[in-house]
$ cat coords-v2.cif   # mmCIF, C-alpha atoms and all ligand atoms
data_model
loop_
_atom_site.label_atom_id
_atom_site.label_comp_id
_atom_site.auth_asym_id
_atom_site.auth_seq_id
_atom_site.Cartn_x
_atom_site.Cartn_y
_atom_site.Cartn_z
CA MET A 144 -19.82 -18.34 6.37
CA THR A 145 -21.40 -16.70 3.31
CA THR A 146 -21.48 -13.09 2.12
CA ASP A 147 -25.14 -12.87 3.32
CA GLN A 148 -23.79 -12.51 6.85
CA VAL A 149 -21.45 -9.63 6.13
CA ASN A 150 -22.06 -5.92 6.30
CA ILE A 151 -21.08 -4.69 2.85
CA PRO A 152 -20.78 -0.90 2.52
CA GLU A 153 -23.19 0.91 0.22
CA LYS A 154 -20.40 2.18 -2.00
CA ILE A 155 -17.74 -0.41 -2.80
CA CYS A 156 -15.56 -1.25 -5.81
CA ASP A 157 -17.20 -3.90 -7.99
CA ASN A 158 -13.82 -5.41 -8.82
CA CYS A 159 -11.80 -5.36 -5.57
CA ILE A 160 -13.38 -4.60 -2.20
CA LEU A 161 -12.16 -1.08 -1.39
CA PRO A 162 -15.01 0.95 0.11
CA GLY A 163 -16.11 4.48 -0.84
CA THR A 164 -14.67 5.63 2.51
CA PHE A 165 -11.10 4.68 1.50
CA PRO A 166 -8.96 7.84 1.18
CA GLY A 167 -8.43 9.05 -2.38
CA ILE A 168 -10.86 6.59 -3.93
CA ALA A 169 -12.88 7.38 -7.06
CA PHE A 170 -15.10 5.13 -9.17
CA ASN A 171 -15.66 5.04 -12.93
CA ASP A 172 -19.09 4.49 -14.54
CA GLN A 173 -18.66 0.73 -14.28
CA GLY A 174 -18.16 0.98 -10.51
CA THR A 175 -14.45 0.11 -10.66
CA CYS A 176 -12.13 2.03 -8.36
CA ASN A 177 -9.13 4.09 -9.48
CA TYR A 178 -6.72 1.65 -7.72
CA CYS A 179 -8.03 -1.23 -9.87
CA GLN A 180 -7.83 0.89 -13.01
CA LYS A 181 -4.22 1.82 -12.25
CA GLU A 182 -3.32 -1.82 -11.60
CA ALA A 183 -4.91 -2.90 -14.91
CA VAL A 184 -2.72 -0.39 -16.79
CA SER A 185 0.54 -1.44 -15.09
CA SER A 186 -0.10 -5.20 -15.29
CA ASN A 187 -0.67 -4.86 -19.05
CA LYS A 188 3.02 -4.05 -19.36
CA ILE A 189 4.55 -6.90 -17.35
CA ASN A 190 3.62 -10.54 -17.27
CA PRO A 191 3.19 -11.30 -13.51
CA ALA A 192 4.23 -14.95 -13.89
CA GLU A 193 7.43 -13.94 -15.66
CA LYS A 194 8.19 -11.37 -13.01
CA LYS A 195 7.70 -13.91 -10.22
CA ASN A 196 10.00 -16.29 -12.01
CA GLN A 197 12.70 -13.61 -12.24
CA TYR A 198 12.49 -13.10 -8.48
CA ARG A 199 12.75 -16.83 -7.82
CA LEU A 200 15.92 -16.93 -9.90
CA ARG A 201 17.28 -13.89 -8.09
CA LEU A 202 16.69 -15.59 -4.75
CA ASP A 203 18.37 -18.79 -6.00
CA ALA A 204 21.43 -16.74 -6.97
CA LEU A 205 21.50 -14.77 -3.71
CA ILE A 206 21.28 -17.92 -1.63
CA GLU A 207 23.91 -19.65 -3.70
CA ASN A 208 26.27 -16.75 -2.89
CA THR A 209 25.33 -16.50 0.76
CA LYS A 210 24.59 -19.96 2.12
CA GLY A 211 27.22 -21.22 4.51
CA SER A 212 29.19 -17.96 4.58
CA ALA A 213 27.95 -16.71 7.95
CA PRO A 214 29.33 -18.07 11.23
CA VAL A 215 26.08 -19.50 12.60
CA TYR A 216 22.87 -18.88 10.68
CA ASP A 217 22.14 -18.11 7.03
CA MET A 218 18.78 -16.58 7.82
CA ILE A 219 16.67 -15.17 10.64
CA ILE A 220 12.91 -15.11 10.17
CA ALA A 221 10.35 -12.94 11.93
CA TYR A 222 8.01 -15.64 13.12
CA SER A 223 4.54 -14.93 14.50
CA GLY A 224 3.24 -18.48 14.31
CA GLY A 225 0.55 -17.32 11.86
CA LYS A 226 -0.04 -19.14 8.62
CA ASP A 227 1.97 -16.83 6.36
CA SER A 228 5.16 -16.81 8.42
CA SER A 229 4.83 -20.54 9.14
CA TYR A 230 4.56 -21.22 5.44
CA THR A 231 7.52 -18.93 4.68
CA LEU A 232 9.60 -20.96 7.12
CA LYS A 233 8.55 -24.22 5.49
CA LEU A 234 9.10 -22.98 1.96
CA LEU A 235 12.59 -21.62 2.58
CA LYS A 236 13.74 -24.55 4.70
CA GLU A 237 12.54 -27.18 2.26
CA ARG A 238 13.68 -25.38 -0.86
CA TYR A 239 17.11 -24.21 0.31
CA ASN A 240 17.88 -26.14 3.49
CA LEU A 241 19.22 -22.99 5.12
CA ARG A 242 20.55 -22.76 8.67
CA MET A 243 17.66 -20.79 10.07
CA VAL A 244 16.56 -19.27 13.33
CA ALA A 245 13.00 -18.09 13.90
CA LEU A 246 12.49 -15.03 16.11
CA THR A 247 9.10 -14.64 17.75
CA PHE A 248 8.22 -11.29 19.26
CA ASP A 249 5.82 -12.03 22.10
CA ASN A 250 3.67 -8.91 22.36
CA HIS A 251 1.69 -10.40 25.30
CA PHE A 252 -1.26 -11.04 22.95
CA VAL A 253 0.05 -14.13 21.14
CA SER A 254 -2.61 -16.86 21.22
CA SER A 255 -1.72 -20.11 22.97
CA THR A 256 -2.48 -21.98 19.74
CA ALA A 257 0.12 -19.81 18.01
CA PHE A 258 2.73 -20.86 20.58
CA GLU A 259 1.84 -24.51 20.07
CA ASN A 260 2.09 -23.95 16.32
CA ILE A 261 5.51 -22.31 16.69
CA LYS A 262 6.75 -25.32 18.61
CA LYS A 263 5.30 -27.85 16.17
CA VAL A 264 6.50 -26.09 13.03
CA THR A 265 10.02 -25.30 14.23
CA ASP A 266 10.48 -28.80 15.71
CA SER A 267 9.16 -30.48 12.63
CA LEU A 268 11.32 -28.38 10.26
CA GLU A 269 14.32 -28.62 12.62
CA ILE A 270 14.64 -24.86 12.94
CA ASP A 271 16.01 -23.11 16.05
CA SER A 272 13.57 -20.79 17.75
CA ILE A 273 13.97 -17.69 19.95
CA THR A 274 11.13 -15.88 21.69
CA PHE A 275 11.67 -12.30 22.75
CA LYS A 276 9.17 -10.89 25.23
CA PRO A 277 9.39 -7.23 26.20
CA SER A 278 8.09 -6.19 29.60
CA TRP A 279 4.31 -5.87 29.93
CA ARG A 280 4.64 -2.33 31.23
CA SER A 281 6.26 -0.98 28.06
CA ILE A 282 4.02 -2.96 25.71
CA LYS A 283 0.88 -1.98 27.59
CA GLU A 284 1.79 1.69 27.43
CA MET A 285 2.52 1.45 23.71
CA PHE A 286 -0.75 -0.31 22.92
CA ALA A 287 -2.81 1.90 25.24
CA LEU A 288 -1.44 4.98 23.46
CA THR A 289 -1.84 3.67 19.90
CA ALA A 290 -5.36 2.40 20.68
CA LYS A 291 -6.37 6.00 21.41
CA LYS A 292 -4.21 7.88 18.98
CA ASP A 293 -2.92 7.71 15.41
CA ILE A 294 0.71 8.58 15.91
CA PHE A 295 1.93 7.49 12.45
CA SER A 296 1.64 9.16 9.04
CA ARG A 297 -1.62 9.06 7.06
CA GLN A 298 0.11 7.01 4.36
CA THR A 299 1.15 4.33 6.88
CA LEU A 300 -2.35 4.21 8.34
CA LEU A 301 -3.86 3.37 4.94
CA ARG A 302 -2.33 -0.08 5.29
CA ALA A 303 -2.33 -0.90 8.97
CA SER A 304 -3.75 0.27 12.27
CA SER A 305 -1.79 2.38 14.70
CA ILE A 306 -1.51 -0.58 17.14
CA CYS A 307 -0.25 -2.96 14.45
CA THR A 308 2.21 -0.43 13.02
CA ALA A 309 3.77 0.17 16.44
CA CYS A 310 4.12 -3.56 17.10
CA ILE A 311 5.52 -4.38 13.65
CA CYS A 312 8.00 -1.55 14.02
CA LEU A 313 9.44 -3.23 17.14
CA VAL A 314 9.41 -6.64 15.45
CA LYS A 315 11.40 -5.31 12.49
CA SER A 316 13.88 -3.57 14.79
CA MET A 317 14.44 -6.65 16.94
CA VAL A 318 14.94 -8.87 13.92
CA LEU A 319 17.41 -6.54 12.23
CA LYS A 320 19.24 -5.92 15.50
CA THR A 321 19.61 -9.68 16.07
CA ALA A 322 20.73 -10.21 12.46
CA LEU A 323 23.46 -7.58 12.89
CA GLU A 324 24.61 -8.89 16.27
CA MET A 325 24.74 -12.50 15.04
CA SER A 326 26.16 -11.68 11.57
CA ILE A 327 23.15 -13.21 9.79
CA PRO A 328 23.10 -12.18 6.12
CA LEU A 329 19.43 -12.90 5.28
CA VAL A 330 16.26 -11.73 7.02
CA GLY A 331 12.97 -13.39 6.10
CA PHE A 332 9.43 -12.06 6.50
CA GLY A 333 6.11 -13.76 5.81
CA TRP A 334 4.34 -10.75 4.29
CA SER A 335 1.41 -11.90 2.19
CA PRO A 336 1.39 -10.95 -1.51
CA GLY A 337 -1.22 -8.29 -0.65
CA GLN A 338 0.81 -6.79 2.20
CA ALA A 339 4.07 -6.06 0.44
CA PRO A 340 4.79 -5.61 -3.26
CA ILE A 341 7.07 -7.85 -5.28
CA GLN A 342 9.38 -4.87 -5.93
CA SER A 343 10.61 -5.01 -2.33
CA ALA A 344 10.66 -8.81 -2.06
CA ILE A 345 14.46 -9.09 -2.22
CA LEU A 346 16.13 -5.98 -0.92
CA LYS A 347 19.55 -5.24 0.49
CA THR A 348 19.07 -3.12 3.59
CA ASN A 349 21.04 0.04 3.78
CA PRO A 350 22.40 1.55 7.02
CA SER A 351 21.55 5.18 6.31
CA PHE A 352 18.08 4.38 5.00
CA SER A 353 17.42 2.06 7.96
CA LEU A 354 18.56 4.77 10.37
CA SER A 355 16.30 7.41 8.85
CA THR A 356 13.32 4.98 8.84
CA GLN A 357 13.96 4.20 12.48
CA ASN A 358 14.17 7.89 13.33
CA VAL A 359 10.84 8.62 11.62
CA LEU A 360 9.18 5.86 13.64
CA LYS A 361 10.87 6.81 16.90
CA ASN A 362 9.88 10.44 16.44
CA ALA A 363 6.25 9.38 16.09
CA PHE A 364 6.26 8.18 19.71
CA PRO A 365 6.06 10.67 22.58
CA PRO A 366 9.50 11.04 24.27
CA GLU A 367 8.37 9.44 27.55
CA LEU A 368 7.33 6.31 25.67
CA ILE A 369 10.61 6.19 23.75
CA ASP A 370 12.34 6.04 27.14
CA GLU A 371 10.34 2.86 27.80
CA LEU A 372 10.91 1.38 24.36
CA HIS A 373 14.45 2.47 23.52
CA GLN A 374 16.04 -0.94 24.13
CA TYR A 375 13.91 -2.52 21.39
CA PHE A 376 15.27 -0.19 18.74
CA ILE A 377 18.66 -0.49 17.06
CA PRO A 378 21.31 1.57 18.90
CA ASP A 379 22.48 4.50 16.76
CA ASP A 380 26.13 3.38 16.73
CA TYR A 381 25.14 0.04 15.10
CA PHE A 382 24.38 1.85 11.84
CA ASN A 383 28.04 2.70 11.56
CA SER A 384 29.77 -0.21 13.29
CA PHE A 385 27.79 -2.82 11.31
CA LYS A 386 27.61 -0.77 8.12
CA ASP A 387 29.26 -3.47 6.00
CA SER A 388 27.07 -6.30 7.18
CA PHE A 389 23.52 -5.07 6.68
CA PRO A 390 21.43 -8.05 5.54
CA HIS A 391 19.08 -8.68 2.63
CA ASN A 392 15.36 -8.62 3.48
CA ILE A 393 13.32 -11.28 1.72
CA HIS A 394 9.58 -11.87 1.61
CA PRO A 395 9.14 -14.84 -0.69
CA LEU A 396 5.33 -15.11 -0.64
CA ALA A 397 5.30 -12.22 -3.15
CA PHE A 398 6.84 -14.48 -5.80
CA TYR A 399 5.80 -18.02 -4.90
CA ASP A 400 2.34 -19.43 -5.60
CA TYR A 401 -0.02 -18.39 -2.86
CA ASP A 402 -3.16 -20.37 -2.16
CA GLU A 403 -4.60 -20.10 1.35
CA ASP A 404 -6.25 -23.52 1.36
CA ARG A 405 -3.16 -25.29 0.09
CA ILE A 406 -0.95 -23.39 2.55
CA LYS A 407 -3.16 -24.40 5.48
CA LYS A 408 -3.23 -28.00 4.27
CA GLU A 409 0.56 -28.18 3.99
CA LEU A 410 0.91 -26.62 7.44
CA ASN A 411 -1.63 -29.02 8.95
CA GLU A 412 0.72 -31.81 7.90
CA LEU A 413 3.37 -30.26 10.20
CA GLY A 414 0.86 -30.16 13.06
CA TRP A 415 -0.08 -26.48 12.60
CA LEU A 416 -3.70 -25.71 13.54
CA ALA A 417 -5.73 -22.59 12.79
CA PRO A 418 -6.48 -20.84 16.12
CA GLU A 419 -10.14 -20.50 16.97
CA ASP A 420 -9.77 -17.53 19.29
CA THR A 421 -8.59 -14.90 16.80
CA ASP A 422 -10.44 -12.77 14.24
CA THR A 423 -10.73 -13.28 10.47
CA ASN A 424 -7.47 -11.47 9.66
CA SER A 425 -4.98 -12.94 12.03
CA SER A 426 -4.08 -16.48 12.92
CA ASN A 427 -1.97 -15.56 15.92
CA CYS A 428 -2.73 -12.23 17.58
CA LEU A 429 -5.34 -11.52 20.25
CA ILE A 430 -5.15 -7.72 20.05
CA ASN A 431 -5.84 -7.61 16.33
CA ALA A 432 -9.64 -7.36 16.62
CA TYR A 433 -9.33 -4.38 18.97
CA ALA A 434 -6.66 -2.78 16.76
CA ASN A 435 -9.04 -3.09 13.79
CA ASN A 436 -11.95 -1.76 15.80
CA CYS A 437 -10.04 1.37 16.87
CA HIS A 438 -8.96 1.99 13.27
CA ILE A 439 -12.44 1.51 11.82
CA SER A 440 -13.99 3.91 14.32
CA ARG A 441 -11.42 6.62 13.58
CA HIS A 442 -11.00 6.18 9.82
CA GLY A 443 -14.17 4.54 8.54
CA PHE A 444 -12.34 1.74 6.76
CA HIS A 445 -10.82 -1.58 7.81
CA PRO A 446 -7.01 -1.51 8.23
CA TYR A 447 -6.66 -4.80 6.29
CA VAL A 448 -8.78 -3.71 3.35
CA TRP A 449 -5.78 -2.51 1.32
CA GLU A 450 -4.02 -5.89 1.69
CA ILE A 451 -7.12 -7.97 1.02
CA ALA A 452 -8.19 -5.80 -1.95
CA ASN A 453 -4.70 -6.38 -3.44
CA MET A 454 -5.13 -10.14 -3.04
CA VAL A 455 -8.58 -10.05 -4.67
CA ARG A 456 -7.20 -7.97 -7.56
CA GLN A 457 -4.31 -10.41 -8.06
CA GLY A 458 -6.80 -13.31 -8.12
CA LEU A 459 -5.18 -14.90 -5.04
CA ILE A 460 -8.43 -15.04 -3.09
CA SER A 461 -12.03 -14.80 -4.29
CA ARG A 462 -13.90 -11.51 -3.93
CA ASP A 463 -16.46 -13.25 -1.70
CA LEU A 464 -13.74 -14.45 0.67
CA GLY A 465 -12.31 -10.91 0.69
CA LEU A 466 -15.73 -9.52 1.64
CA ILE A 467 -16.03 -12.03 4.47
CA LYS A 468 -12.55 -11.23 5.80
CA ILE A 469 -13.17 -7.49 5.85
CA TYR A 470 -16.87 -6.88 6.33
CA SER A 471 -17.86 -9.62 8.80
CA LYS A 472 -19.32 -8.46 12.08
CA GLN A 473 -16.59 -7.39 14.49
CA ASN A 474 -15.85 -9.79 17.31
CA LYS A 475 -17.00 -7.94 20.45
CA THR A 476 -15.61 -10.54 22.84
CA MET A 477 -12.12 -10.18 21.37
CA ILE A 478 -12.35 -6.40 21.31
CA ASN A 479 -13.40 -6.26 24.97
CA TYR A 480 -10.77 -8.79 25.99
CA ALA A 481 -7.92 -6.58 24.69
CA LYS A 482 -9.55 -3.36 25.88
CA ARG A 483 -9.94 -4.78 29.38
CA ARG A 484 -6.33 -5.91 29.59
CA LEU A 485 -5.06 -2.52 28.49
CA THR A 486 -7.35 -0.67 30.86
CA ASN A 487 -7.02 -2.60 34.05
CA GLY A 488 -3.39 -3.49 33.46
CA ALA A 489 -3.71 -7.25 34.05
CA THR A 490 -0.87 -9.12 32.42
ZN ZN B 1 -11.07 -1.70 -6.93
#

$ encode --input "coords-v2.cif" --output "structure tokens" --more "lines below"
Ligand SMILES: [Zn+2]
Amino acid sequence: MTTDQVNIPEKICDNCILPGTFPGIAFNDQGTCNYCQKEAVSSNKINPAEKKNQYRLRLDALIENTKGSAPVYDMIIAYSGGKDSSYTLKLLKERYNLRMVALTFDNHFVSSTAFENIKKVTDSLEIDSITFKPSWRSIKEMFALTAKKDIFSRQTLLRASSICTACICLVKSMVLKTALEMSIPLVGFGWSPGQAPIQSAILKTNPSFSLSTQNVLKNAFPPELIDELHQYFIPDDYFNSFKDSFPHNIHPLAFYDYDEDRIKKELNELGWLAPEDTDTNSSNCLINAYANNCHISRHGFHPYVWEIANMVRQGLISRDLGLIKIYSKQNKTMINYAKRRLTNGAT
């Protein structure tokens, strides 16, 4: 695909790809947005390569102190079967040979290719795998609500759609809950370098902060839905009873070299294949196109544009590829597929 086939907005940053409709955006005379200008000022101060190296050393030290100390697993990873989490699994297993377990949250919209990929990657890397699938009734109600309504804060919705935020919130809860219950000291995520900043790439979780974050998210849901979803959240008493064993969260793609083509090539060698039935932003999820569509109609900008603009700015993907990922025509078949399942209730 080339950029001729994409629908580029009239007003767009000449450097990254943030559109004129993005909240708080302003352009200078050269057509560069304020987010790019801010980034240029802060990256003048720190050498990004040096910073990444510091984080790699920090992870080496953390793993040296942690590996082998837990009863069963050193690390649990949130595993969607997409390319970023698959690569995170490969990178950590090969570099550190950790005792790992991959937790897949089956939101009822995981593509069959993603499941095949999960099997191939975990088998090939010799990693244990757990799939957790909540009931269709609760998931359907959550997606049907978030498709219609923005229940989260404006700040959150700059970076992800309402549907995605709700789903990720359950994924994070389930992973942390499992880590606490199984005394696993490290929790891995495959956030791309555009999704999550390097500053949070190695972070000790804190019981009181985790509790208040969970409360903010829970309070965003209407009470009747919380009744449906409560078992996916961390029980309140865990924050005290496990207070001394809260794990470190790690998202290593923020500080390891990230090159989409190379990542896909390395994963292909494990048998991983890019699904053909998903949209340009997800290699595993069949509700993503609809989630994006709902967000674009309500907010006038694509929910992945923040992430992809970050990647373009960091030079991790070309601007043309960024334009294709964000401004390609929406996939009507995928949108209608998800909409239909949420409307008529078919599992
Ligand atoms: Zn920009």

$ closest_residue --input "coords-v2.cif" --among "A:Ile270, A:Ala290, A:Ala397, A:Ala257" --to "Ile345 of chain A" --atoms "only C-alpha atoms"
A:Ala397

$ closest_residue --input "coords-v2.cif" --among "A:Ser304, A:Thr289, A:Ser223, A:Gln197" --to "Thr265 of chain A" --atoms "only C-alpha atoms"
A:Ser223

$ residues_near_ligand --input "coords-v2.cif" --ligand "ligand ZN 1 (chain B)" --cutoff "8 Å" --atoms "all atoms listed in the file" --output "PyMOL selection string"
chain A and resi 155-161+175-180+452+456

$ atom_distance --input "coords-v2.cif" --atom1 "atom CA of Lys408 of chain A" --atom2 "atom CA of Ala339 of chain A"
23.4 Å

$ residues_around --input "coords-v2.cif" --residues "Ala322 of chain A" --least-positions-apart "3" --cutoff "12 Å" --atoms "all atoms listed in the file" --output "PDB file with C-alpha atoms, in the coordinates of the input"
ATOM      1  CA  ALA A 213      27.950 -16.710   7.950  1.00  0.00           C
ATOM      2  CA  PRO A 214      29.330 -18.070  11.230  1.00  0.00           C
ATOM      3  CA  VAL A 215      26.080 -19.500  12.600  1.00  0.00           C
ATOM      4  CA  TYR A 216      22.870 -18.880  10.680  1.00  0.00           C
ATOM      5  CA  ASP A 217      22.140 -18.110   7.030  1.00  0.00           C
ATOM      6  CA  MET A 218      18.780 -16.580   7.820  1.00  0.00           C
ATOM      7  CA  ILE A 219      16.670 -15.170  10.640  1.00  0.00           C
ATOM      8  CA  ILE A 220      12.910 -15.110  10.170  1.00  0.00           C
ATOM      9  CA  ALA A 221      10.350 -12.940  11.930  1.00  0.00           C
ATOM     10  CA  MET A 243      17.660 -20.790  10.070  1.00  0.00           C
ATOM     11  CA  VAL A 244      16.560 -19.270  13.330  1.00  0.00           C
ATOM     12  CA  ALA A 245      13.000 -18.090  13.900  1.00  0.00           C
ATOM     13  CA  LEU A 246      12.490 -15.030  16.110  1.00  0.00           C
ATOM     14  CA  LYS A 315      11.400  -5.310  12.490  1.00  0.00           C
ATOM     15  CA  SER A 316      13.880  -3.570  14.790  1.00  0.00           C
ATOM     16  CA  MET A 317      14.440  -6.650  16.940  1.00  0.00           C
ATOM     17  CA  VAL A 318      14.940  -8.870  13.920  1.00  0.00           C
ATOM     18  CA  LEU A 319      17.410  -6.540  12.230  1.00  0.00           C
ATOM     19  CA  MET A 325      24.740 -12.500  15.040  1.00  0.00           C
ATOM     20  CA  SER A 326      26.160 -11.680  11.570  1.00  0.00           C
ATOM     21  CA  ILE A 327      23.150 -13.210   9.790  1.00  0.00           C
ATOM     22  CA  PRO A 328      23.100 -12.180   6.120  1.00  0.00           C
ATOM     23  CA  LEU A 329      19.430 -12.900   5.280  1.00  0.00           C
ATOM     24  CA  VAL A 330      16.260 -11.730   7.020  1.00  0.00           C
ATOM     25  CA  GLY A 331      12.970 -13.390   6.100  1.00  0.00           C
ATOM     26  CA  THR A 348      19.070  -3.120   3.590  1.00  0.00           C
ATOM     27  CA  ILE A 377      18.660  -0.490  17.060  1.00  0.00           C
ATOM     28  CA  TYR A 381      25.140   0.040  15.100  1.00  0.00           C
ATOM     29  CA  PHE A 385      27.790  -2.820  11.310  1.00  0.00           C
ATOM     30  CA  SER A 388      27.070  -6.300   7.180  1.00  0.00           C
ATOM     31  CA  PHE A 389      23.520  -5.070   6.680  1.00  0.00           C
ATOM     32  CA  PRO A 390      21.430  -8.050   5.540  1.00  0.00           C
ATOM     33  CA  HIS A 391      19.080  -8.680   2.630  1.00  0.00           C
ATOM     34  CA  ASN A 392      15.360  -8.620   3.480  1.00  0.00           C
TER      35      ASN A 392
END

$ closest_residue --input "coords-v2.cif" --among "A:Ser281, A:Asn171, A:Asn383, A:Asn240" --to "Ile369 of chain A" --atoms "all atoms listed in the file"
A:Ser281

$ closest_residue --input "coords-v2.cif" --among "A:Ile478, A:Leu368, A:Val359, A:Ile261" --to "Leu410 of chain A" --atoms "only C-alpha atoms"
A:Ile261

$ residues_around --input "coords-v2.cif" --residues "Gly465 of chain A" --least-positions-apart "6" --cutoff "10 Å" --atoms "only C-alpha atoms" --output "VMD selection string"
chain A and resid 146 159 to 160 448 450 to 455 459 471

$ residues_near_point --input "coords-v2.cif" --point "(8.3, -5.1, -3.3)" --cutoff "12 Å" --atoms "only C-alpha atoms" --output "NGL selection string"
:A and (194-195 or 198 or 334-347 or 392-398)

$ residues_around --input "coords-v2.cif" --residues "Lys233 of chain A" --least-positions-apart "2" --cutoff "9 Å" --atoms "only C-alpha atoms" --output "mmCIF file with C-alpha atoms, in the frame of the given file"
data_model
loop_
_atom_site.group_PDB
_atom_site.id
_atom_site.type_symbol
_atom_site.label_atom_id
_atom_site.label_comp_id
_atom_site.auth_asym_id
_atom_site.auth_seq_id
_atom_site.Cartn_x
_atom_site.Cartn_y
_atom_site.Cartn_z
ATOM 1 C CA SER A 228 5.160 -16.810 8.420
ATOM 2 C CA SER A 229 4.830 -20.540 9.140
ATOM 3 C CA TYR A 230 4.560 -21.220 5.440
ATOM 4 C CA THR A 231 7.520 -18.930 4.680
ATOM 5 C CA LEU A 235 12.590 -21.620 2.580
ATOM 6 C CA LYS A 236 13.740 -24.550 4.700
ATOM 7 C CA GLU A 237 12.540 -27.180 2.260
ATOM 8 C CA ARG A 238 13.680 -25.380 -0.860
ATOM 9 C CA VAL A 264 6.500 -26.090 13.030
ATOM 10 C CA THR A 265 10.020 -25.300 14.230
ATOM 11 C CA LEU A 268 11.320 -28.380 10.260
ATOM 12 C CA LEU A 410 0.910 -26.620 7.440
#

$ atom_distance --input "coords-v2.cif" --atom1 "atom CA of Lys468 of chain A" --atom2 "atom CA of Gly174 of chain A"
21.1 Å

$ closest_residue --input "coords-v2.cif" --among "A:Leu232, A:Leu372, A:Leu466, A:Ile430" --to "Ser305 of chain A" --atoms "all atoms listed in the file"
A:Ile430

$ closest_residue --input "coords-v2.cif" --among "A:Glu269, A:Leu202, A:Phe275, A:Phe364" --to "Tyr239 of chain A" --atoms "only C-alpha atoms"
A:Leu202

$ atom_distance --input "coords-v2.cif" --atom1 "atom CA of Asn427 of chain A" --atom2 "atom CA of Lys407 of chain A"
13.7 Å

$ axis_aligned_box --input "coords-v2.cif" --around "segment 378-383 of chain A" --padding-each-side "8 Å" --output "lines of an AutoDock Vina configuration file"
center_x = 24.7
center_y = 2.3
center_z = 15.2
size_x = 22.7
size_y = 20.5
size_z = 23.3
